[in-house]
>>> print(open('work-v4.txt').read())   # compact mmCIF, C-alpha atoms (C1' of nucleotides)
# COMPACT_ATOMS: atom_id res chain seq x y z
CA MET L 1 -31.71 -3.14 1.32
CA LYS L 2 -30.35 -4.98 4.31
CA GLU L 3 -30.19 -8.21 2.32
CA ILE L 4 -26.86 -6.95 0.98
CA LEU L 5 -25.53 -7.04 4.50
CA MET L 6 -27.21 -10.36 5.18
CA LYS L 7 -25.51 -11.81 2.10
CA TYR L 8 -22.25 -10.40 3.35
CA MET L 9 -22.66 -11.89 6.81
CA THR L 10 -23.57 -15.27 5.41
CA ARG L 11 -20.43 -15.25 3.33
CA HIS L 12 -18.20 -14.21 6.20
CA THR L 13 -19.67 -15.86 9.29
CA SER L 14 -21.37 -18.97 10.58
CA LEU L 15 -24.13 -17.02 12.29
CA SER L 16 -27.61 -18.50 12.00
CA GLN L 17 -30.32 -16.75 10.00
CA ALA L 18 -32.13 -15.94 13.24
CA GLU L 19 -29.06 -14.37 14.79
CA GLN L 20 -28.37 -12.41 11.65
CA GLN L 21 -31.94 -11.19 11.65
CA SER L 22 -31.76 -9.85 15.18
CA ILE L 23 -28.45 -8.21 14.47
CA LEU L 24 -29.85 -6.54 11.39
CA GLU L 25 -32.72 -5.14 13.40
CA GLU L 26 -30.30 -3.27 15.64
CA LEU L 27 -28.43 -1.68 12.79
CA ILE L 28 -28.98 1.86 11.68
CA VAL L 29 -29.16 2.41 7.95
CA GLN L 30 -28.96 5.97 6.78
CA ARG L 31 -29.31 7.68 3.43
CA PHE L 32 -26.92 10.47 2.44
CA LYS L 33 -27.23 12.87 -0.46
CA LYS L 34 -24.48 13.36 -2.98
CA GLY L 35 -21.98 15.86 -1.66
CA THR L 36 -22.63 15.09 2.01
CA TYR L 37 -19.58 15.06 4.25
CA LEU L 38 -19.38 12.16 6.69
CA ILE L 39 -16.42 13.89 8.25
CA LYS L 40 -14.28 16.87 7.38
CA GLN L 41 -10.56 17.23 7.77
CA GLY L 42 -9.98 19.20 10.95
CA ASP L 43 -13.10 17.94 12.71
CA SER L 44 -12.67 16.07 15.94
CA PRO L 45 -12.21 12.40 15.01
CA THR L 46 -15.48 10.57 14.49
CA LYS L 47 -16.51 7.74 16.77
CA LYS L 48 -18.50 6.25 13.93
CA CYS L 49 -17.78 3.67 11.32
CA PHE L 50 -19.70 2.85 8.18
CA PHE L 51 -20.49 0.06 5.79
CA VAL L 52 -21.40 0.91 2.22
CA LEU L 53 -24.63 -0.72 1.06
CA LYS L 54 -24.97 1.47 -2.01
CA GLY L 55 -23.08 4.42 -3.43
CA CYS L 56 -19.52 5.67 -3.36
CA VAL L 57 -17.60 7.58 -0.69
CA ARG L 58 -14.36 9.37 -1.47
CA GLN L 59 -11.67 9.86 1.14
CA TYR L 60 -9.30 12.73 0.58
CA HIS L 61 -6.76 14.87 2.30
CA ILE L 62 -5.53 18.43 1.88
CA GLU L 63 -1.76 18.53 2.20
CA ASP L 64 0.35 21.27 3.73
CA ASP L 65 1.01 22.76 0.32
CA GLY L 66 -2.74 22.96 -0.34
CA LYS L 67 -2.90 20.07 -2.75
CA GLU L 68 -5.83 17.71 -2.51
CA VAL L 69 -5.04 14.02 -2.70
CA THR L 70 -7.63 11.29 -2.96
CA THR L 71 -6.64 8.38 -0.76
CA ASN L 72 -9.54 5.96 -1.13
CA PHE L 73 -12.85 5.14 -2.73
CA TYR L 74 -15.32 3.05 -0.77
CA THR L 75 -18.05 1.34 -2.75
CA GLU L 76 -20.61 -1.42 -2.23
CA GLU L 77 -19.78 -3.94 0.50
CA GLN L 78 -16.79 -2.06 1.80
CA PRO L 79 -16.36 -0.98 5.42
CA ILE L 80 -15.11 2.49 6.31
CA LEU L 81 -13.19 2.19 9.55
CA LEU L 82 -10.03 3.91 10.62
CA PHE L 83 -10.10 7.42 12.00
CA ASN L 84 -10.67 6.07 15.49
CA PHE L 85 -7.33 4.36 15.31
CA GLU L 86 -5.18 6.15 12.85
CA GLU L 87 -3.93 8.86 15.16
CA PRO L 88 -5.16 8.31 18.70
CA GLU L 89 -3.23 11.30 19.91
CA ALA L 90 -4.44 13.60 17.14
CA GLN L 91 -7.36 15.81 18.07
CA THR L 92 -8.46 16.44 14.50
CA SER L 93 -9.25 14.15 11.62
CA GLU L 94 -6.59 13.84 8.94
CA HIS L 95 -9.08 13.14 6.19
CA SER L 96 -12.40 14.13 4.72
CA LEU L 97 -15.07 11.67 3.67
CA ILE L 98 -17.55 12.85 1.06
CA CYS L 99 -20.36 11.05 -0.69
CA VAL L 100 -19.64 11.02 -4.41
CA GLU L 101 -23.13 9.70 -5.10
CA GLU L 102 -26.35 9.24 -3.22
CA CYS L 103 -25.30 6.73 -0.56
CA LEU L 104 -26.93 4.13 1.64
CA LEU L 105 -24.71 3.36 4.61
CA VAL L 106 -24.85 1.32 7.77
CA VAL L 107 -23.79 3.67 10.55
CA ALA L 108 -22.40 2.30 13.78
CA ASP L 109 -20.78 4.00 16.72
CA LEU L 110 -18.11 2.37 18.84
CA GLU L 111 -20.29 1.98 21.93
CA SER L 112 -23.14 0.14 20.25
CA GLU L 113 -20.60 -1.93 18.36
CA GLN L 114 -19.06 -3.01 21.65
CA GLU L 115 -22.47 -3.88 23.07
CA MET L 116 -23.29 -6.04 20.09
CA TYR L 117 -20.03 -7.91 20.42
CA GLN L 118 -20.90 -8.72 24.01
CA GLN L 119 -24.31 -9.91 22.96
CA TYR L 120 -23.09 -11.95 19.99
CA SER L 121 -19.52 -13.06 20.52
CA GLU L 122 -19.57 -14.71 17.11
CA LEU L 123 -19.98 -11.28 15.64
CA GLU L 124 -16.64 -10.24 17.03
CA THR L 125 -15.08 -13.36 15.55
CA MET L 126 -16.52 -12.39 12.20
CA THR L 127 -15.18 -8.88 12.51
CA ARG L 128 -11.76 -10.13 13.52
CA ARG L 129 -11.61 -12.46 10.54
CA MET L 130 -12.89 -9.73 8.28
CA MET L 131 -10.13 -7.46 9.54
CA GLU L 132 -7.52 -10.17 9.03
CA THR L 133 -8.75 -10.73 5.50
CA TYR L 134 -8.75 -7.01 4.73
CA LEU L 135 -5.30 -6.58 6.23
CA SER L 136 -4.00 -9.49 4.21
CA HIS L 137 -5.46 -8.03 1.05
CA ALA L 138 -4.15 -4.59 1.88
CA GLN L 139 -0.64 -5.98 2.30
CA ASN L 140 -0.93 -7.87 -0.97
CA ASP L 141 -2.27 -4.86 -2.84
CA PHE L 142 0.49 -2.77 -1.36
CA ALA L 143 3.18 -5.18 -2.50
CA LYS L 144 1.77 -5.28 -6.01
CA PHE L 145 1.31 -1.55 -6.20
CA VAL L 146 4.83 -0.82 -5.08
CA ARG L 147 6.45 -2.39 -8.09
CA ALA L 148 3.80 -1.48 -10.63
CA SER L 149 4.28 1.34 -13.14
CA PRO L 150 1.52 3.94 -13.38
CA GLU L 151 0.33 2.20 -16.53
CA GLU L 152 0.11 -1.15 -14.76
CA ARG L 153 -1.68 0.50 -11.84
CA TYR L 154 -4.30 1.85 -14.19
CA LYS L 155 -4.77 -1.53 -15.86
CA THR L 156 -5.10 -3.16 -12.46
CA ILE L 157 -7.75 -0.76 -11.28
CA ILE L 158 -9.91 -1.09 -14.37
CA ARG L 159 -9.63 -4.85 -13.98
CA ASN L 160 -10.40 -4.97 -10.25
CA ARG L 161 -12.85 -2.09 -10.00
CA PRO L 162 -14.17 -1.45 -13.51
CA ASP L 163 -17.00 0.68 -12.16
CA LEU L 164 -14.73 3.32 -10.65
CA PRO L 165 -13.68 5.15 -13.85
CA THR L 166 -17.32 5.69 -14.79
CA ARG L 167 -18.37 6.83 -11.33
CA ILE L 168 -15.75 9.40 -10.57
CA PRO L 169 -13.90 12.19 -12.41
CA GLN L 170 -10.64 11.15 -13.97
CA HIS L 171 -8.44 13.63 -12.14
CA GLN L 172 -9.58 12.09 -8.85
CA LEU L 173 -8.76 8.65 -10.14
CA ALA L 174 -5.34 9.93 -11.19
CA SER L 175 -4.81 11.32 -7.73
CA TYR L 176 -5.83 7.98 -6.24
CA LEU L 177 -3.29 6.24 -8.49
CA GLY L 178 -0.58 8.66 -7.43
CA ILE L 179 -0.13 10.23 -10.86
CA THR L 180 -1.04 13.49 -12.58
CA PRO L 181 -4.19 13.86 -14.68
CA GLU L 182 -1.95 14.49 -17.69
CA SER L 183 -0.18 11.20 -17.20
CA LEU L 184 -3.45 9.32 -16.87
CA SER L 185 -4.65 10.94 -20.05
CA ARG L 186 -1.50 9.83 -21.88
CA ILE L 187 -1.73 6.31 -20.47
CA LYS L 188 -5.31 5.96 -21.68
CA LYS L 189 -4.28 7.14 -25.13
CA ARG L 190 -1.28 4.79 -25.17
CA ILE L 191 -3.29 1.67 -24.41
CA GLN L 192 -6.27 2.84 -26.52
CA MET M 1 11.97 -13.09 26.50
CA LYS M 2 8.21 -13.21 26.85
CA GLU M 3 8.21 -9.89 28.61
CA ILE M 4 8.29 -8.30 25.16
CA LEU M 5 4.95 -9.89 24.46
CA MET M 6 3.67 -8.99 27.90
CA LYS M 7 4.61 -5.38 27.29
CA TYR M 8 2.82 -5.59 23.98
CA MET M 9 -0.34 -7.03 25.52
CA THR M 10 -0.37 -4.44 28.25
CA ARG M 11 -0.20 -1.72 25.65
CA HIS M 12 -2.97 -3.19 23.51
CA THR M 13 -5.40 -4.79 25.95
CA SER M 14 -7.04 -4.44 29.31
CA LEU M 15 -6.21 -7.99 30.34
CA SER M 16 -5.09 -8.43 33.91
CA GLN M 17 -1.55 -9.47 34.75
CA ALA M 18 -2.84 -12.85 35.87
CA GLU M 19 -4.70 -13.45 32.64
CA GLN M 20 -1.72 -12.37 30.64
CA GLN M 21 0.46 -14.73 32.62
CA SER M 22 -1.71 -17.76 31.90
CA ILE M 23 -1.91 -16.84 28.22
CA LEU M 24 1.83 -16.55 28.02
CA GLU M 25 2.23 -19.98 29.51
CA GLU M 26 0.28 -21.50 26.65
CA LEU M 27 2.34 -19.82 23.97
CA ILE M 28 5.06 -21.57 22.05
CA VAL M 29 8.24 -19.60 21.55
CA GLN M 30 10.68 -21.02 19.05
CA ARG M 31 14.19 -20.12 17.97
CA PHE M 32 15.11 -20.15 14.28
CA LYS M 33 18.56 -19.99 12.77
CA LYS M 34 19.47 -17.43 10.15
CA GLY M 35 18.48 -18.72 6.75
CA THR M 36 15.60 -20.86 8.03
CA TYR M 37 12.49 -20.90 5.88
CA LEU M 38 9.20 -20.53 7.76
CA ILE M 39 7.45 -21.29 4.51
CA LYS M 40 8.52 -21.65 0.91
CA GLN M 41 6.69 -20.44 -2.14
CA GLY M 42 4.89 -23.45 -3.59
CA ASP M 43 4.38 -25.18 -0.24
CA SER M 44 0.85 -25.87 0.87
CA PRO M 45 -0.31 -22.77 2.78
CA THR M 46 0.72 -22.76 6.40
CA LYS M 47 -1.84 -22.90 9.17
CA LYS M 48 0.56 -21.05 11.41
CA CYS M 49 1.07 -17.46 12.27
CA PHE M 50 3.98 -15.80 14.01
CA PHE M 51 4.90 -12.89 16.18
CA VAL M 52 8.44 -11.56 16.08
CA LEU M 53 10.06 -11.25 19.50
CA LYS M 54 13.56 -10.83 18.13
CA GLY M 55 15.14 -10.91 14.69
CA CYS M 56 14.05 -10.15 11.15
CA VAL M 57 11.99 -12.18 8.69
CA ARG M 58 11.94 -11.36 4.99
CA GLN M 59 8.93 -12.11 2.83
CA TYR M 60 9.58 -12.49 -0.87
CA HIS M 61 8.08 -13.78 -4.03
CA ILE M 62 9.45 -15.19 -7.27
CA GLU M 63 7.54 -13.76 -10.21
CA ASP M 64 6.65 -15.53 -13.42
CA ASP M 65 9.64 -13.99 -15.16
CA GLY M 66 11.93 -15.38 -12.46
CA LYS M 67 12.56 -12.09 -10.70
CA GLU M 68 12.64 -12.10 -6.93
CA VAL M 69 10.75 -9.31 -5.22
CA THR M 70 10.90 -8.58 -1.51
CA THR M 71 7.43 -7.71 -0.26
CA ASN M 72 7.94 -7.26 3.46
CA PHE M 73 10.30 -7.23 6.41
CA TYR M 74 8.96 -8.26 9.80
CA THR M 75 10.94 -7.15 12.81
CA GLU M 76 10.46 -6.89 16.57
CA GLU M 77 6.84 -6.70 17.76
CA GLN M 78 5.33 -7.35 14.35
CA PRO M 79 2.85 -10.15 13.64
CA ILE M 80 3.17 -12.34 10.56
CA LEU M 81 -0.31 -13.36 9.54
CA LEU M 82 -1.75 -13.75 6.12
CA PHE M 83 -1.25 -16.83 4.06
CA ASN M 84 -4.28 -18.45 5.62
CA PHE M 85 -6.43 -15.76 4.11
CA GLU M 86 -4.67 -14.33 1.15
CA GLU M 87 -5.80 -16.92 -1.39
CA PRO M 88 -8.20 -19.37 0.19
CA GLU M 89 -8.64 -21.15 -3.11
CA ALA M 90 -4.92 -21.36 -3.83
CA GLN M 91 -3.32 -24.66 -2.91
CA THR M 92 0.21 -23.29 -2.73
CA SER M 93 1.75 -20.38 -0.90
CA GLU M 94 2.46 -17.29 -2.96
CA HIS M 95 5.38 -16.22 -0.82
CA SER M 96 8.45 -17.39 0.98
CA LEU M 97 9.36 -16.38 4.52
CA ILE M 98 13.01 -16.59 5.45
CA CYS M 99 14.82 -15.60 8.63
CA VAL M 100 17.32 -12.89 7.79
CA GLU M 101 18.85 -13.20 11.25
CA GLU M 102 18.65 -15.55 14.18
CA CYS M 103 14.99 -15.21 15.17
CA LEU M 104 12.86 -15.69 18.24
CA LEU M 105 9.23 -16.10 17.26
CA VAL M 106 5.94 -16.88 18.91
CA VAL M 107 4.41 -19.66 16.83
CA ALA M 108 0.65 -20.24 16.89
CA ASP M 109 -1.56 -22.46 14.80
CA LEU M 110 -5.13 -21.58 13.98
CA GLU M 111 -6.69 -24.30 16.13
CA SER M 112 -4.94 -23.37 19.36
CA GLU M 113 -5.60 -19.72 18.57
CA GLN M 114 -9.31 -20.47 18.32
CA GLU M 115 -9.24 -22.36 21.60
CA MET M 116 -7.58 -19.48 23.37
CA TYR M 117 -10.16 -17.04 22.07
CA GLN M 118 -12.89 -19.22 23.54
CA GLN M 119 -11.07 -19.33 26.83
CA TYR M 120 -10.27 -15.63 26.95
CA SER M 121 -12.82 -13.67 24.96
CA GLU M 122 -10.93 -10.48 25.77
CA LEU M 123 -8.06 -11.88 23.80
CA GLU M 124 -10.16 -11.90 20.67
CA THR M 125 -11.14 -8.30 21.33
CA MET M 126 -7.48 -7.44 21.59
CA THR M 127 -6.73 -9.22 18.34
CA ARG M 128 -9.61 -7.53 16.56
CA ARG M 129 -8.43 -4.11 17.72
CA MET M 130 -4.89 -4.97 16.79
CA MET M 131 -6.06 -5.93 13.32
CA GLU M 132 -8.08 -2.74 13.01
CA THR M 133 -5.07 -0.71 14.03
CA TYR M 134 -2.79 -2.54 11.61
CA LEU M 135 -5.30 -2.20 8.82
CA SER M 136 -5.66 1.48 9.51
CA HIS M 137 -1.91 1.94 9.44
CA ALA M 138 -1.59 -0.16 6.31
CA GLN M 139 -4.13 2.03 4.55
CA ASN M 140 -2.35 5.16 5.70
CA ASP M 141 1.05 3.87 4.66
CA PHE M 142 -0.38 2.85 1.34
CA ALA M 143 -1.85 6.29 0.71
CA LYS M 144 1.44 7.96 1.56
CA PHE M 145 3.49 5.54 -0.47
CA VAL M 146 1.33 5.94 -3.54
CA ARG M 147 2.20 9.55 -4.03
CA ALA M 148 5.78 9.43 -2.83
CA SER M 149 8.74 9.47 -5.18
CA PRO M 150 11.38 6.76 -4.75
CA GLU M 151 13.55 9.32 -2.99
CA GLU M 152 10.76 10.20 -0.56
CA ARG M 153 10.10 6.50 0.03
CA TYR M 154 13.72 5.97 0.99
CA LYS M 155 13.68 8.94 3.33
CA THR M 156 10.49 7.66 4.93
CA ILE M 157 11.89 4.21 5.53
CA ILE M 158 15.08 5.41 7.12
CA ARG M 159 12.96 7.65 9.33
CA ASN M 160 10.41 5.00 10.31
CA ARG M 161 12.65 1.93 10.39
CA PRO M 162 16.21 3.18 10.71
CA ASP M 163 17.42 -0.29 11.64
CA LEU M 164 16.44 -1.87 8.34
CA PRO M 165 19.25 -0.51 6.12
CA THR M 166 21.85 -1.90 8.50
CA ARG M 167 20.18 -5.28 8.88
CA ILE M 168 19.56 -6.21 5.27
CA PRO M 169 21.42 -5.96 1.93
CA GLN M 170 20.66 -2.86 -0.07
CA HIS M 171 19.35 -4.58 -3.14
CA GLN M 172 16.65 -6.23 -1.02
CA LEU M 173 15.73 -2.85 0.42
CA ALA M 174 15.55 -1.46 -3.12
CA SER M 175 13.27 -4.30 -4.12
CA TYR M 176 11.10 -3.60 -1.08
CA LEU M 177 10.88 0.05 -2.12
CA GLY M 178 9.92 -0.93 -5.64
CA ILE M 179 13.04 0.49 -7.28
CA THR M 180 16.26 -0.87 -8.79
CA PRO M 181 19.49 -1.18 -6.78
CA GLU M 182 21.05 1.33 -9.17
CA SER M 183 18.37 3.90 -8.39
CA LEU M 184 18.76 3.39 -4.67
CA SER M 185 22.48 3.89 -5.00
CA ARG M 186 21.95 7.15 -6.90
CA ILE M 187 19.37 8.35 -4.38
CA LYS M 188 21.76 7.75 -1.50
CA LYS M 189 24.44 9.68 -3.34
CA ARG M 190 22.02 12.51 -4.14
CA ILE M 191 20.99 13.10 -0.54
CA GLN M 192 24.53 12.40 0.80
C1' DA Y 1 47.75 -15.86 -1.67
C1' DT Y 2 44.26 -16.38 -5.25
C1' DG Y 3 40.39 -16.93 -7.73
C1' DG Y 4 35.40 -16.54 -7.53
C1' DT Y 5 31.06 -14.81 -6.24
C1' DG Y 6 27.86 -11.48 -4.85
C1' DC Y 7 27.04 -6.73 -3.96
C1' DA Y 8 27.46 -1.75 -4.62
C1' DT Y 9 28.67 1.99 -7.57
C1' DT Y 10 29.13 4.60 -11.79
C1' DG Y 11 28.28 5.92 -16.62
C1' DA Y 12 25.72 6.28 -21.10
C1' DC Y 13 21.51 5.87 -23.00
C1' DT Y 14 16.33 5.25 -23.19
C1' DT Y 15 11.93 5.95 -21.52
C1' DA Y 16 8.10 7.82 -19.19
C1' DA Y 17 6.27 10.77 -15.73
C1' DG Y 18 6.17 15.70 -13.89
C1' DT Y 19 5.61 20.56 -15.05
C1' DT Y 20 3.85 24.36 -17.38
C1' DA Y 21 0.84 26.19 -20.47
C1' DA Y 22 -2.51 26.29 -23.94
C1' DG Y 23 -6.70 24.78 -26.14
C1' DA Y 24 -11.06 21.71 -26.48
C1' DT Y 25 -15.19 19.99 -24.60
C1' DG Y 26 -19.25 19.86 -21.90
C1' DA Y 27 -22.55 20.85 -18.28
C1' DG Y 28 -24.94 24.00 -15.34
C1' DA Y 29 -26.43 28.70 -13.89
C1' DG Y 30 -28.26 32.76 -14.79
C1' DC G 1 -28.76 31.14 -25.20
C1' DT G 2 -24.54 32.35 -23.56
C1' DC G 3 -21.10 32.68 -20.04
C1' DT G 4 -18.47 30.30 -16.84
C1' DC G 5 -16.20 26.77 -14.64
C1' DA G 6 -14.52 22.29 -14.42
C1' DT G 7 -12.59 18.64 -16.83
C1' DC G 8 -9.91 16.49 -20.18
C1' DT G 9 -6.52 16.58 -23.76
C1' DT G 10 -2.34 17.93 -26.16
C1' DA G 11 2.24 19.82 -26.67
C1' DA G 12 7.11 21.19 -25.34
C1' DC G 13 10.36 20.74 -22.05
C1' DT G 14 12.63 18.91 -17.74
C1' DT G 15 13.70 15.39 -14.67
C1' DA G 16 14.54 11.01 -12.78
C1' DA G 17 14.07 6.13 -12.96
C1' DG G 18 14.97 1.87 -15.87
C1' DT G 19 18.28 -0.67 -18.61
C1' DC G 20 22.65 -2.33 -19.95
C1' DA G 21 27.28 -2.64 -19.11
C1' DA G 22 31.67 -2.02 -16.79
C1' DT G 23 34.24 -1.47 -12.69
C1' DG G 24 35.45 -1.80 -7.90
C1' DC G 25 35.18 -4.03 -3.50
C1' DA G 26 34.82 -7.38 0.13
C1' DC G 27 34.18 -11.86 1.71
C1' DC G 28 34.66 -16.81 1.20
C1' DA G 29 36.64 -21.17 -0.04
C1' DT G 30 40.16 -23.50 -1.91
>>> encode(input="work-v4.txt", output="structure tokens")
Amino acid sequence: MKEILMKYMTRHTSLSQAEQQSILEELIVQRFKKGTYLIKQGDSPTKKCFFVLKGCVRQYHIEDDGKEVTTNFYTEEQPILLFNFEEPEAQTSEHSLICVEECLLVVADLESEQEMYQQYSELETMTRRMMETYLSHAQNDFAKFVRASPEERYKTIIRNRPDLPTRIPQHQLASYLGITPESLSRIKKRIQ
Amino acid sequence: MKEILMKYMTRHTSLSQAEQQSILEELIVQRFKKGTYLIKQGDSPTKKCFFVLKGCVRQYHIEDDGKEVTTNFYTEEQPILLFNFEEPEAQTSEHSLICVEECLLVVADLESEQEMYQQYSELETMTRRMMETYLSHAQNDFAKFVRASPEERYKTIIRNRPDLPTRIPQHQLASYLGITPESLSRIKKRIQ
DNA sequence: ATGGTGCATTGACTTAAGTTAAGATGAGAG
DNA sequence: CTCTCATCTTAACTTAAGTCAATGCACCAT
């Protein structure tokens, strides 16, 4: 299963096969059952980060008024970071992470991550570039999302992540798109 | 003027004062007049990135239908990255960057950046963390924005960046918020 | 001073999303 | 097999943003 990560590293770094191999050997891959919480809102913030090899993790948040809002879906080849950084002063996590399906994740804690960077400085370069790329994409997505109507948002998501609608319940997708389930239902009907 | 950057580095790194000093000496700080383009949509993508010491840079985009949309405002202590990463295959820049005010910017190209990382590996660690932090914030902002009404978006922006409305014309702010100038005008009236 | 241009505001109308509530469907538990 | 719960759909109504158009205002150049 680690070949997914190897493929990813090859695409994003100039590390040699040998280096990649030794890095892979230090990684911890863990299997999680559907419904498992990686972290719950209110827990002390996790020191871990993840990389999705297989499966789907939903990030959500319970608001003050009790409403649940889905803020992200992480699927294959996506990193799950944050939480360590989002609110350094906060003593509890703002979000929950739950496995929507059976998941295979790379699990890393901050200390071992730091050690690996010291061992392989190229790895930190890769991570930096990866972060820059993700940030750039996030800013682009944001800009597009801002001026898109709910209908356009839906069209965009089925174009960019066509697997999502089949993997998750529609009301969660609606929440992720920032609209009501009723609206999503109408949009689907409108565009057939 | 570089003390702004020094302050920034102290906040975000564990580099010594001496190290910081020698890094600062290698940096290029440049002054730009109001109305100067850092890059124009259609130009070949820049190899440069910037850090705002003073002033305000607007990022915008002309859409296929000819409409101009403002996608970002960069002000004091914000980095302007992207462009190198956003569309590696694209041969022309998707955006324009224009100085809204007289600006003082740190200008770095990718080559000298790479050299400095080799010289000061801690600097790359700082950049990686900075990117992680920005990404984390971007994801959070995104999640909040998604489910906010235009009115809530306006309230949020005047809370988080109270200087913006006074620095830029309102129709550009409206564009940035993803709404029409008419709507923004009505919102302002509604909330007094 | 004056005309022009760009920007902000206001109004009338259209459109689509939110809200509330009621059914329809489907899967899982007992 | 049936009951239950969750999900999705549909409908009626409300609300606010988009659109189009007119007006007002301020700044600039001539």
>>> residues_near_point(input="work-v4.txt", point="(-1.1, 21.0, -26.3)", cutoff="7 Å", atoms="all atoms listed in the file", output="list in words")
DA22 and DG23 of chain Y; DT10 and DA11 of chain G
>>> interface_residues(input="work-v4.txt", of="chain M", to="chain Y", cutoff="9 Å", atoms="all atoms listed in the file", output="PyMOL selection string")
chain M and resi 169-171+181-182+185-186
>>> closest_residue(input="work-v4.txt", among="M:Ile187, M:Tyr120, M:Arg167, M:Thr71", to="chain L", atoms="only C-alpha atoms")
M:Thr71
>>> atom_distance(input="work-v4.txt", atom1="CA of Tyr8 (chain L)", atom2="CA of Met126 (chain L)")
10.7 Å
>>> atom_distance(input="work-v4.txt", atom1="CA of Ile80 (chain M)", atom2="CA of Glu76 (chain L)")
29.1 Å
>>> interface_residues(input="work-v4.txt", of="chain M", to="chain L", cutoff="8 Å", atoms="all atoms listed in the file", output="PyMOL selection string")
chain M and resi 71-72+81-83+85-86+124-125+127-128+131-140+142-143+145-148+176-179
>>> atom_distance(input="work-v4.txt", atom1="C1' of DA6 (chain G)", atom2="CA of Glu94 (chain L)")
26.1 Å
>>> closest_residue(input="work-v4.txt", among="G:DA21, G:DA29, G:DC13, G:DC8", to="chain L", atoms="all atoms listed in the file")
G:DC8
>>> closest_atom_pairs(input="work-v4.txt", of="chain G", to="chain M", cutoff="10 Å", atoms="only C-alpha atoms (C1' of nucleotides)", output="tab-separated table")
residue	atom	partner	partner_atom	distance
G:DA16	C1'	M:Ser183	CA	9.2
G:DA17	C1'	M:Ser183	CA	6.7
G:DG18	C1'	M:Thr180	CA	7.7
>>> write_last_selection(input="work-v4.txt", atoms="C-alpha atoms (C1' of nucleotides)", output="PDB file, in the frame of the given file")
ATOM      1  C1'  DA G  16      14.540  11.010 -12.780  1.00  0.00           C
ATOM      2  C1'  DA G  17      14.070   6.130 -12.960  1.00  0.00           C
ATOM      3  C1'  DG G  18      14.970   1.870 -15.870  1.00  0.00           C
TER       4       DG G  18
END
>>> residues_around(input="work-v4.txt", residues="region 97-108 of chain L", least_positions_apart="4", cutoff="8 Å", atoms="all atoms listed in the file", output="ChimeraX atom specification")
/L:27-40,48-60,112-113,168
